[in-house]
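S.K.: What follows is structure39.cif, made up of mmCIF, C-alpha atoms:
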data_model
loop_
_atom_site.label_atom_id
_atom_site.label_comp_id
_atom_site.auth_asym_id
_atom_site.auth_seq_id
_atom_site.Cartn_x
_atom_site.Cartn_y
_atom_site.Cartn_z
CA MET A 289 0.00 0.00 0.00
CA GLN A 290 1.52 3.31 -1.13
CA ILE A 291 1.15 6.08 1.49
CA ILE A 292 1.78 9.66 0.39
CA PRO A 293 1.72 12.74 2.67
CA LEU A 294 -0.89 15.24 1.56
CA ALA A 295 1.80 17.89 1.07
CA LEU A 296 3.43 15.76 -1.66
CA ALA A 297 0.20 15.06 -3.53
CA PRO A 298 0.70 17.96 -6.02
CA SER A 299 3.67 16.02 -7.43
CA LEU A 300 1.31 13.28 -8.64
CA PRO A 301 -0.47 13.31 -12.02
CA VAL A 302 -3.67 15.38 -11.77
CA TRP A 303 -5.95 12.33 -12.04
CA ARG A 304 -4.28 10.64 -9.03
CA ARG A 305 -4.46 13.59 -6.63
CA PRO A 306 -6.79 13.77 -3.60
CA VAL A 307 -9.20 16.24 -5.23
CA ALA A 308 -9.51 13.96 -8.27
CA LEU A 309 -10.38 11.07 -5.95
CA LEU A 310 -13.02 13.21 -4.22
CA PHE A 311 -14.57 13.96 -7.61
CA LEU A 312 -14.48 10.29 -8.61
CA MET A 313 -16.26 9.29 -5.39
CA ALA A 314 -18.72 12.17 -5.76
CA ALA A 315 -19.67 10.84 -9.20
CA ALA A 316 -19.76 7.14 -8.27
CA MET A 317 -21.92 7.21 -5.13
CA PRO A 318 -25.05 8.90 -6.58
CA ILE A 319 -25.26 6.48 -9.50
CA ALA A 320 -26.32 3.74 -7.08
CA PHE A 321 -28.06 5.80 -4.41
CA ALA A 322 -29.93 8.22 -6.65
CA THR A 323 -31.09 5.44 -8.98
CA TRP A 324 -32.33 3.50 -5.95
CA SER A 325 -34.18 6.60 -4.76
CA ALA A 326 -35.69 7.38 -8.18
CA LEU A 327 -37.17 3.91 -8.59
CA LEU A 328 -37.98 3.23 -4.94
CA ASN A 329 -41.48 4.68 -4.60
CA ASN A 330 -42.73 3.07 -7.80
CA PHE A 331 -41.00 -0.23 -6.96
CA VAL A 332 -42.46 -0.57 -3.47
CA ILE A 333 -45.96 0.52 -4.54
CA GLU A 334 -46.19 -1.51 -7.75
CA VAL A 335 -44.27 -4.63 -6.70
CA ALA A 336 -44.58 -4.81 -2.91
CA GLN A 337 -47.88 -2.89 -2.45
CA PHE A 338 -46.51 -0.54 0.22
CA ASP A 339 -48.71 2.04 1.94
CA GLY A 340 -47.63 5.14 3.90
CA SER A 341 -46.92 3.12 7.02
CA ASP A 342 -44.74 0.61 5.14
CA ILE A 343 -42.66 3.35 3.49
CA GLY A 344 -42.20 4.96 6.90
CA TRP A 345 -40.85 1.70 8.33
CA LEU A 346 -38.55 1.24 5.35
CA HIS A 347 -36.96 4.63 5.88
CA THR A 348 -36.69 4.03 9.62
CA VAL A 349 -34.71 0.87 8.90
CA ARG A 350 -32.66 2.74 6.28
CA GLU A 351 -31.63 5.36 8.83
CA ILE A 352 -30.55 2.98 11.63
CA PRO A 353 -26.98 2.69 10.21
CA GLY A 354 -26.84 6.49 10.13
CA PHE A 355 -27.74 6.55 13.81
CA LEU A 356 -24.94 4.01 14.39
CA ALA A 357 -22.41 5.95 12.28
CA ILE A 358 -20.44 6.55 15.46
CA GLY A 359 -19.25 2.98 14.93
CA VAL A 360 -16.98 4.40 12.22
CA ILE A 361 -14.62 5.42 15.03
CA ALA A 362 -14.16 1.78 16.04
CA VAL A 363 -13.62 0.69 12.43
CA LEU A 364 -10.93 3.35 12.00
CA LEU A 365 -8.87 1.59 14.67
CA VAL A 366 -8.21 -1.19 12.14
CA MET A 367 -8.84 0.48 8.77
CA ARG A 368 -7.74 3.76 7.17
CA GLU A 369 -10.46 6.30 6.36
CA GLN A 370 -9.78 6.16 2.64
CA VAL A 371 -10.01 2.36 2.56
CA LEU A 372 -13.23 2.43 4.59
CA ALA A 373 -14.74 4.88 2.11
CA MET A 374 -14.07 2.51 -0.80
CA VAL A 375 -15.24 -0.62 1.04
CA SER A 376 -18.45 1.19 2.01
CA LEU A 377 -19.03 2.26 -1.60
CA ILE A 378 -18.60 -1.34 -2.75
CA LEU A 379 -21.18 -2.50 -0.19
CA LEU A 380 -23.60 0.21 -1.32
CA GLY A 381 -23.18 -0.81 -4.95
CA VAL A 382 -23.57 -4.54 -4.40
CA ALA A 383 -26.62 -4.15 -2.15
CA THR A 384 -28.27 -1.76 -4.63
CA ALA A 385 -27.68 -4.27 -7.43
CA MET A 386 -29.58 -6.91 -5.41
CA THR A 387 -32.56 -4.71 -4.45
CA ALA A 388 -35.14 -6.18 -6.84
CA TRP A 389 -34.30 -9.77 -5.87
CA PHE A 390 -36.37 -9.50 -2.67
CA PRO A 391 -39.81 -8.00 -3.56
CA SER A 392 -41.39 -8.31 -0.11
CA LEU A 393 -41.49 -6.12 2.97
CA GLY A 394 -38.98 -8.27 4.87
CA GLY A 395 -36.67 -8.69 1.88
CA ILE A 396 -36.69 -5.00 0.98
CA LEU A 397 -36.02 -3.99 4.60
CA THR A 398 -33.05 -6.40 4.80
CA ILE A 399 -31.36 -5.31 1.57
CA THR A 400 -32.08 -1.67 2.43
CA MET A 401 -30.26 -2.11 5.73
CA LEU A 402 -27.16 -3.44 3.93
CA SER A 403 -27.09 -0.68 1.32
CA SER A 404 -27.67 1.87 4.07
CA ILE A 405 -24.64 0.68 6.02
CA GLY A 406 -22.54 1.26 2.91
CA PHE A 407 -24.10 4.66 2.21
CA HIS A 408 -23.89 6.09 5.71
CA TYR A 409 -20.40 4.86 6.50
CA TYR A 410 -19.23 6.21 3.15
CA GLU A 411 -20.87 9.59 3.75
CA THR A 412 -19.38 9.85 7.23
CA VAL A 413 -15.83 9.19 6.03
CA ASN A 414 -16.26 11.19 2.83
CA GLN A 415 -17.23 14.30 4.79
CA SER A 416 -14.17 13.85 6.98
CA LEU A 417 -11.85 13.44 3.98
CA GLN A 418 -13.31 16.51 2.26
CA LEU A 419 -12.69 18.72 5.29
CA GLN A 420 -9.16 17.33 5.75
CA TRP A 421 -8.12 17.50 2.11
CA LEU A 422 -9.70 20.81 1.01
CA PRO A 423 -8.10 24.13 2.11
CA LYS A 424 -10.43 26.33 4.14
CA ASP A 425 -10.29 29.25 1.72
CA ARG A 426 -11.42 27.09 -1.22
CA ALA A 427 -13.68 24.60 0.58
CA PRO A 428 -17.08 26.26 -0.15
CA GLN A 429 -16.38 26.54 -3.87
CA MET A 430 -14.91 23.03 -4.11
CA LEU A 431 -17.83 21.51 -2.18
CA GLY A 432 -20.15 23.22 -4.66
CA TRP A 433 -18.25 21.70 -7.57
CA LEU A 434 -18.33 18.28 -5.93
CA LEU A 435 -22.12 18.56 -5.63
CA ALA A 436 -22.27 19.53 -9.28
CA ALA A 437 -20.14 16.52 -10.24
CA GLY A 438 -22.48 14.18 -8.39
CA SER A 439 -25.47 15.79 -10.08
CA GLY A 440 -23.82 15.45 -13.50
CA ALA A 441 -23.11 11.74 -13.06
CA THR A 442 -26.63 11.09 -11.83
CA LEU A 443 -28.05 13.08 -14.74
CA VAL A 444 -26.49 10.63 -17.19
CA ALA A 445 -28.09 7.69 -15.35
CA TYR A 446 -31.50 9.38 -15.21
CA LEU A 447 -31.46 10.30 -18.88
CA CYS A 448 -30.75 6.66 -19.67
CA ILE A 449 -33.77 5.62 -17.58
CA ILE A 450 -36.06 8.21 -19.19
CA VAL A 451 -35.04 7.32 -22.73
CA THR A 452 -34.90 3.54 -22.36
CA TRP A 453 -37.37 2.57 -19.59
CA GLU A 454 -40.39 2.15 -21.85
CA ALA A 455 -38.58 1.95 -25.21
CA LEU A 456 -36.50 -1.06 -24.16
CA GLY A 457 -38.94 -2.45 -21.60
CA LEU A 458 -36.46 -2.18 -18.74
CA THR A 459 -37.19 -3.87 -15.43
CA TYR A 460 -36.39 -2.77 -11.91
CA ASN A 461 -33.90 -5.64 -11.64
CA MET A 462 -31.98 -4.59 -14.76
CA VAL A 463 -31.63 -0.97 -13.70
CA TYR A 464 -30.64 -1.77 -10.11
CA LEU A 465 -28.03 -4.28 -11.34
CA LEU A 466 -26.47 -1.78 -13.75
CA ALA A 467 -26.42 1.16 -11.35
CA GLY A 468 -25.19 -0.77 -8.32
CA GLY A 469 -22.62 -2.68 -10.36
CA PHE A 470 -21.18 0.54 -11.78
CA THR A 471 -20.72 2.11 -8.33
CA ALA A 472 -19.07 -1.05 -6.96
CA ALA A 473 -16.72 -1.26 -9.96
CA VAL A 474 -15.61 2.39 -9.67
CA ALA A 475 -14.99 1.99 -5.93
CA LEU A 476 -12.89 -1.12 -6.51
CA PHE A 477 -10.87 0.75 -9.15
CA ALA A 478 -10.23 3.64 -6.73
CA LEU A 479 -9.23 1.22 -3.97
CA LEU A 480 -6.63 -0.47 -6.16
CA VAL A 481 -5.25 2.47 -8.17
CA TYR A 482 -5.06 5.48 -5.83
CA PRO A 483 -2.36 5.86 -3.16
CA GLN A 484 -3.32 6.35 0.48
CA PHE A 485 -3.12 10.06 1.35
CA GLU A 486 -1.79 10.99 4.79
CA ALA A 487 -3.23 14.20 6.25
CA PRO A 488 -0.82 16.33 8.31
CA GLU A 489 -2.97 16.12 11.45
CA PRO A 490 -3.51 12.54 12.72
CA GLN A 491 -7.17 11.99 13.60
CA ILE A 492 -8.28 11.18 17.15
CA LYS A 493 -9.66 7.63 17.15
CA LYS A 494 -12.15 7.91 19.99
CA MET A 495 -15.51 9.59 20.46
CA VAL A 496 -15.23 13.37 20.72
CA LEU A 497 -17.96 15.53 22.24
CA ARG A 498 -16.92 19.12 22.86
CA ARG A 499 -19.07 21.77 24.50
CA ARG A 500 -17.90 24.41 22.05
CA TYR A 501 -19.38 22.43 19.14
CA TRP A 502 -22.89 22.48 20.66
CA LEU A 503 -24.41 24.72 17.95
CA TYR A 504 -23.06 22.46 15.20
CA TYR A 505 -24.59 19.44 16.96
CA ALA A 506 -27.96 21.20 17.29
CA LEU A 507 -28.00 22.22 13.63
CA GLN A 508 -27.14 18.65 12.62
CA PHE A 509 -29.99 17.26 14.71
CA MET A 510 -32.55 19.61 13.18
CA SER A 511 -31.18 19.00 9.69
CA GLY A 512 -31.65 15.26 10.07
CA ALA A 513 -35.19 15.57 11.40
CA ARG A 514 -36.26 17.99 8.69
CA ARG A 515 -34.57 16.10 5.85
CA GLN A 516 -36.39 12.89 6.70
CA ILE A 517 -39.77 14.43 5.99
CA PHE A 518 -38.64 15.52 2.55
CA VAL A 519 -36.83 12.28 1.68
CA VAL A 520 -39.62 10.01 2.86
CA PHE A 521 -42.82 11.85 2.03
CA ALA A 522 -42.25 14.42 -0.74
CA GLY A 523 -41.42 11.79 -3.37
CA PHE A 524 -44.04 9.40 -2.00
CA MET A 525 -46.65 12.16 -2.42
CA MET A 526 -45.75 12.55 -6.12
CA VAL A 527 -46.52 8.88 -6.75
CA GLU A 528 -49.44 8.37 -4.33
CA LYS A 529 -51.36 11.60 -4.97
CA PHE A 530 -50.49 12.39 -8.58
CA GLY A 531 -49.78 8.90 -9.94
CA PHE A 532 -46.27 9.64 -11.26
CA ARG A 533 -44.78 6.72 -13.20
CA VAL A 534 -41.10 5.71 -13.18
CA HIS A 535 -39.99 7.79 -16.16
CA GLU A 536 -42.01 10.80 -14.88
CA VAL A 537 -40.42 10.64 -11.42
CA THR A 538 -37.03 10.29 -13.06
CA ALA A 539 -37.74 13.27 -15.33
CA LEU A 540 -38.50 15.39 -12.27
CA PHE A 541 -35.25 14.23 -10.66
CA THR A 542 -33.45 15.12 -13.89
CA ILE A 543 -34.74 18.68 -13.78
CA ASN A 544 -33.40 18.90 -10.21
CA LEU A 545 -30.02 17.63 -11.34
CA VAL A 546 -29.64 20.09 -14.20
CA ILE A 547 -30.54 22.99 -11.94
CA ASN A 548 -28.18 21.75 -9.20
CA MET A 549 -25.31 21.36 -11.67
CA ILE A 550 -25.66 25.06 -12.42
CA ALA A 551 -26.62 26.24 -8.95
CA ALA A 552 -24.26 24.24 -6.69
CA PRO A 553 -21.00 26.00 -7.71
CA LEU A 554 -22.81 29.34 -7.48
CA LEU A 555 -24.12 28.45 -4.02
CA GLY A 556 -20.59 27.52 -2.98
CA ARG A 557 -19.40 30.96 -4.04
CA ALA A 558 -22.35 32.53 -2.22
CA VAL A 559 -21.42 30.77 1.02
CA ALA A 560 -17.82 31.96 0.67
CA ARG A 561 -19.03 35.53 0.11
CA TRP A 562 -21.99 35.75 2.51
CA GLY A 563 -20.74 33.57 5.32
CA GLU A 564 -22.43 30.57 6.86
CA ARG A 565 -24.99 32.45 8.96
CA LYS A 566 -26.58 34.31 6.04
CA ALA A 567 -26.44 31.28 3.71
CA LEU A 568 -28.12 28.95 6.20
CA SER A 569 -30.71 31.60 7.08
CA VAL A 570 -31.68 31.92 3.41
CA GLU A 571 -31.93 28.13 3.17
CA TYR A 572 -34.18 27.77 6.21
CA ILE A 573 -36.49 30.65 5.27
CA GLY A 574 -36.87 29.09 1.84
CA LEU A 575 -37.61 25.67 3.31
CA ILE A 576 -40.31 27.09 5.59
CA CYS A 577 -42.07 28.44 2.51
CA VAL A 578 -41.61 25.20 0.57
CA PHE A 579 -43.00 22.96 3.31
CA LEU A 580 -46.00 25.23 3.83
CA GLY A 581 -46.48 25.03 0.06
CA TYR A 582 -46.58 21.24 0.28
CA GLY A 583 -49.30 21.61 2.90
CA GLY A 584 -51.17 23.93 0.54
CA ILE A 585 -51.42 21.12 -2.01
CA TYR A 586 -53.75 19.34 0.42
CA TRP A 587 -55.47 22.43 1.84
CA PHE A 588 -56.21 24.26 -1.43
CA GLY A 589 -56.06 21.45 -3.98
CA TRP A 590 -53.07 22.85 -5.86
CA GLY A 591 -52.15 20.70 -8.85
CA VAL A 592 -49.21 18.67 -10.02
CA MET A 593 -47.30 21.63 -11.50
CA MET A 594 -47.16 23.36 -8.12
CA ALA A 595 -46.02 20.12 -6.48
CA ALA A 596 -43.27 19.66 -9.06
CA PHE A 597 -42.17 23.30 -8.70
CA LEU A 598 -41.92 22.98 -4.92
CA TYR A 599 -39.98 19.74 -5.28
CA VAL A 600 -37.38 21.42 -7.50
CA VAL A 601 -37.05 24.50 -5.28
CA ASP A 602 -36.71 22.19 -2.27
CA HIS A 603 -33.61 20.59 -3.79
CA ILE A 604 -31.99 23.96 -4.50
CA PHE A 605 -32.31 25.06 -0.88
CA PHE A 606 -30.99 21.75 0.42
CA ALA A 607 -27.83 22.26 -1.65
CA MET A 608 -27.01 25.24 0.57
CA ALA A 609 -26.45 22.82 3.44
CA LEU A 610 -22.76 22.73 2.44
CA ALA A 611 -22.50 25.83 4.64
CA LEU A 612 -22.92 23.56 7.66
CA LYS A 613 -19.78 21.63 6.63
CA THR A 614 -17.70 24.76 6.19
CA TYR A 615 -18.94 26.17 9.51
CA PHE A 616 -17.59 23.12 11.28
CA GLN A 617 -14.34 23.19 9.29
CA LYS A 618 -13.74 26.75 10.52
CA ILE A 619 -14.37 26.07 14.22
CA ALA A 620 -12.86 22.56 14.50
CA ASP A 621 -9.56 21.35 15.83
CA PRO A 622 -8.12 19.58 12.74
CA ARG A 623 -7.65 16.37 14.77
CA ASP A 624 -11.37 16.32 15.63
CA ILE A 625 -12.67 16.14 12.07
CA ALA A 626 -12.98 12.35 11.67
CA PRO A 627 -14.47 11.51 15.09
CA THR A 628 -16.78 14.52 15.03
CA ALA A 629 -18.01 13.60 11.54
CA ALA A 630 -19.07 10.23 12.99
CA VAL A 631 -20.70 11.81 16.04
CA ALA A 632 -22.45 14.39 13.86
CA PHE A 633 -23.88 11.69 11.59
CA THR A 634 -25.26 9.87 14.63
CA ILE A 635 -26.81 13.10 15.95
CA ASN A 636 -28.17 13.85 12.47
CA HIS A 637 -29.94 10.49 12.45
CA ILE A 638 -31.42 10.43 15.97
CA ALA A 639 -34.76 11.73 14.71
CA ALA A 640 -34.42 9.70 11.51
CA VAL A 641 -34.82 6.45 13.44
CA PHE A 642 -38.25 7.22 14.84
CA LEU A 643 -39.70 10.00 12.65
CA PRO A 644 -40.39 8.07 9.40
CA ALA A 645 -42.32 5.27 11.09
CA SER A 646 -44.27 7.54 13.46
CA LEU A 647 -45.04 10.12 10.79
CA GLY A 648 -46.08 7.30 8.46
CA TYR A 649 -49.08 6.78 10.74
CA LEU A 650 -49.78 10.53 10.82
CA TRP A 651 -49.59 10.53 7.02
CA LEU A 652 -52.48 8.06 6.87
CA VAL A 653 -54.63 10.57 8.77
CA SER A 654 -53.37 14.00 7.64
CA PRO A 655 -50.55 14.34 5.08
CA SER A 656 -50.58 18.14 5.36
CA SER A 657 -49.77 17.93 9.10
CA VAL A 658 -46.51 16.16 8.25
CA PHE A 659 -45.39 19.12 6.13
CA VAL A 660 -46.51 21.68 8.72
CA LEU A 661 -44.29 19.88 11.22
CA ALA A 662 -41.39 20.14 8.76
CA ALA A 663 -41.97 23.89 8.41
CA GLY A 664 -41.77 24.22 12.19
CA MET A 665 -38.47 22.32 12.20
CA ALA A 666 -37.09 24.68 9.55
CA GLY A 667 -38.12 27.57 11.79
CA VAL A 668 -36.15 26.15 14.71
CA SER A 669 -33.16 25.69 12.39
CA LEU A 670 -33.42 29.35 11.38
CA CYS A 671 -33.26 30.45 15.01
CA LEU A 672 -30.16 28.33 15.54
CA ALA A 673 -28.46 29.61 12.36
CA LEU A 674 -28.78 33.18 13.63
CA LEU A 675 -26.43 32.23 16.49
CA ILE A 676 -23.52 31.65 14.07
CA PRO A 677 -21.01 34.56 14.13
CA ARG A 678 -20.03 36.31 10.90
CA HIS A 679 -16.49 34.93 11.13
CA PRO A 680 -16.57 31.61 13.01
CA GLU A 681 -13.27 30.20 14.25
CA PRO A 682 -11.97 28.30 17.30
CA GLY A 683 -12.99 30.38 20.32
CA ASN A 684 -15.67 32.19 18.30
CA GLU A 685 -18.10 29.37 17.59
CA THR A 686 -21.32 31.29 18.43
CA ILE A 687 -22.40 34.89 18.92
CA PHE A 688 -22.28 34.22 22.67
CA ALA A 689 -18.54 33.53 22.58
CA ARG A 690 -17.73 37.21 23.14
CA PHE A 691 -19.49 37.06 26.50
CA ALA A 692 -17.57 33.97 27.65
CA PRO A 693 -14.86 34.48 30.28
CA ALA A 694 -11.29 34.56 29.00
CA PRO A 695 -9.43 31.26 29.44
CA ALA A 696 -7.10 31.04 32.44
CA GLU A 697 -3.41 31.62 31.74
#
Represent the structure contained in this file as structure tokens.

M.R.:
Amino acid sequence: MQIIPLALAPSLPVWRRPVALLFLMAAAMPIAFATWSALLNNFVIEVAQFDGSDIGWLHTVREIPGFLAIGVIAVLLVMREQVLAMVSLILLGVATAMTAWFPSLGGILTITMLSSIGFHYYETVNQSLQLQWLPKDRAPQMLGWLLAAGSGATLVAYLCIIVTWEALGLTYNMVYLLAGGFTAAVALFALLVYPQFEAPEPQIKKMVLRRRYWLYYALQFMSGARRQIFVVFAGFMMVEKFGFRVHEVTALFTINLVINMIAAPLLGRAVARWGERKALSVEYIGLICVFLGYGGIYWFGWGVMMAAFLYVVDHIFFAMALALKTYFQKIADPRDIAPTAAVAFTINHIAAVFLPASLGYLWLVSPSSVFVLAAGMAGVSLCLALLIPRHPEPGNETIFARFAPAPAE
């Protein structure tokens, strides 16, 4: 295994440098995950006859590995972060490829658990590697470009589904096999071809909970709770209420991708210029309006065009969440990045374990109430975002830091 200090990475060919690897991973992961997401609602309704309660339980099971992401710290005692990222991507790809082999509630829950372990462990480590490998002054812009790269790769997959789903009579099994197999193959290539990059600051390999990170933890918790309502119920609504078919759902996702490819780099520049507090405030105000708009579909009978518009706008605002990553990068001790990424993922998924299943039952009674609850969560997030200082750094993590007593000499 070739180990290269990060400082020597610029001497490598461009395609073998850390940033190139980040882009390769950013393109590989969504092929499996986004394809799984695009087909999921149609697959479980048409093949497994899911209702709102069943889809809630599926997403609860899917989020359990996220809640247990703190286990990454234990794995890092025996495996390097970069290796764990690739192994997790391989697991995600293989499990996605097998999704259609088990068209029952129990089978789908089992395979979803396996793919979710791969996804969440990959995301935990990937976030850590991004914050370690990207310089602070360029991180917002680079994170925006990484989002755009993921959107571009997924766009290719979605266009293939739209063009060929009905024309070639594709099946769920064929598409899942191709998408999952591609992600697994790319991850295996990256594992074998790229050197292991050694960051200058060795990461602490134990759980880290620091009082000065409390605002970051709170924002992560609210982000996870709010995101679950969108992930679980917004797409489900498009199929259940408006009867979207596979190629129509995929077309809507494709519109999101094209817009995100354009918007993500611009949003990265906006975060760098505005600062994290203003960027997150704009995101949360926008999400309050979007979630109330979802409720309006049920209150006022708004049609499919309004639902599709809200769905697209929703995705744009969620892309601004990269500001949460850069906020932590600015306030963190460099040695805390890996363990705190694991802790943050666990905090992010606390609500995810119980919200989908419980709100699945509420959905059966009043779908609009689910979206009103999401709007309230976005409001709480807005209040928290206003506590971020204009220039966060160690010792200036919140606007209250100026009132804290000076540390003892």

S.K.: Could you check the closest approach to Phe521 in chain A for each of A:Phe579, A:Leu402, A:Gly381, A:Trp433 and tell me which residue wins, using all atoms listed in the file?

M.R.: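 Selected residue with least distance to Phe521 in chain A: A:Phe579.
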
S.K.: Tell me which of A:Gly574, A:Gly584, A:Gly468, A:Pro301 sits closest to Met386 in chain A, counting all atoms listed in the file.

M.R.: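 For Met386 in chain A, the nearest of the candidates is A:Gly468.
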
S.K.: Separation of CA of Val481 in chain A and CA of Ser403 in chain A, in Å?

M.R.: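 Separation of CA of Val481 in chain A and CA of Ser403 in chain A: 24.0 Å.
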
S.K.: Expand the PyMOL selection byres ((chain A and resi 576) around 12) into the individual residues it matches in the shown file, reporting them as a PyMOL selection string.

M.R.: chain A and resi 514+569-575+577-583+598+601-602+605-606+659-670

S.K.: My list of candidates is A:Ile292, A:Ala620, A:Leu309, A:Ala689. Which is closest to Val496 in chain A when distances are computed with only C-alpha atoms?

M.R.: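 The closest residue to Val496 in chain A is A:Ala620.
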
S.K.: I'd like the interatomic distance between CA of Met313 in chain A and CA of Leu458 in chain A, to a tenth of an Å.

M.R.: 26.8 Å

S.K.: Given only C-alpha atoms as the basis, pick out the residue of A:Gly432, A:Gly394, A:Pro293, A:Gly438 nearest to Val349 in chain A.

M.R.: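 So, comparing all the options, the nearest one is A:Gly394.
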
S.K.: Hey, which of A:Tyr482, A:Phe321, A:Tyr501, A:Phe331 ends up closest to Val302 in chain A? Count all atoms listed in the file.

M.R.: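 Of A:Tyr482, A:Phe321, A:Tyr501, A:Phe331, the one nearest Val302 in chain A, counting all atoms listed in the file, is A:Tyr482.
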
S.K.: In Å, rounded to a single decimal, give me how far CA of Arg368 in chain A is from CA of Arg623 in chain A.

M.R.: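 It comes out at 14.7 Å.
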
S.K.: Considering only C-alpha atoms, can you say which of A:Val307, A:Ile676, A:Ala473, A:Leu540 comes closest to Leu568 in chain A?

M.R.: A:Ile676
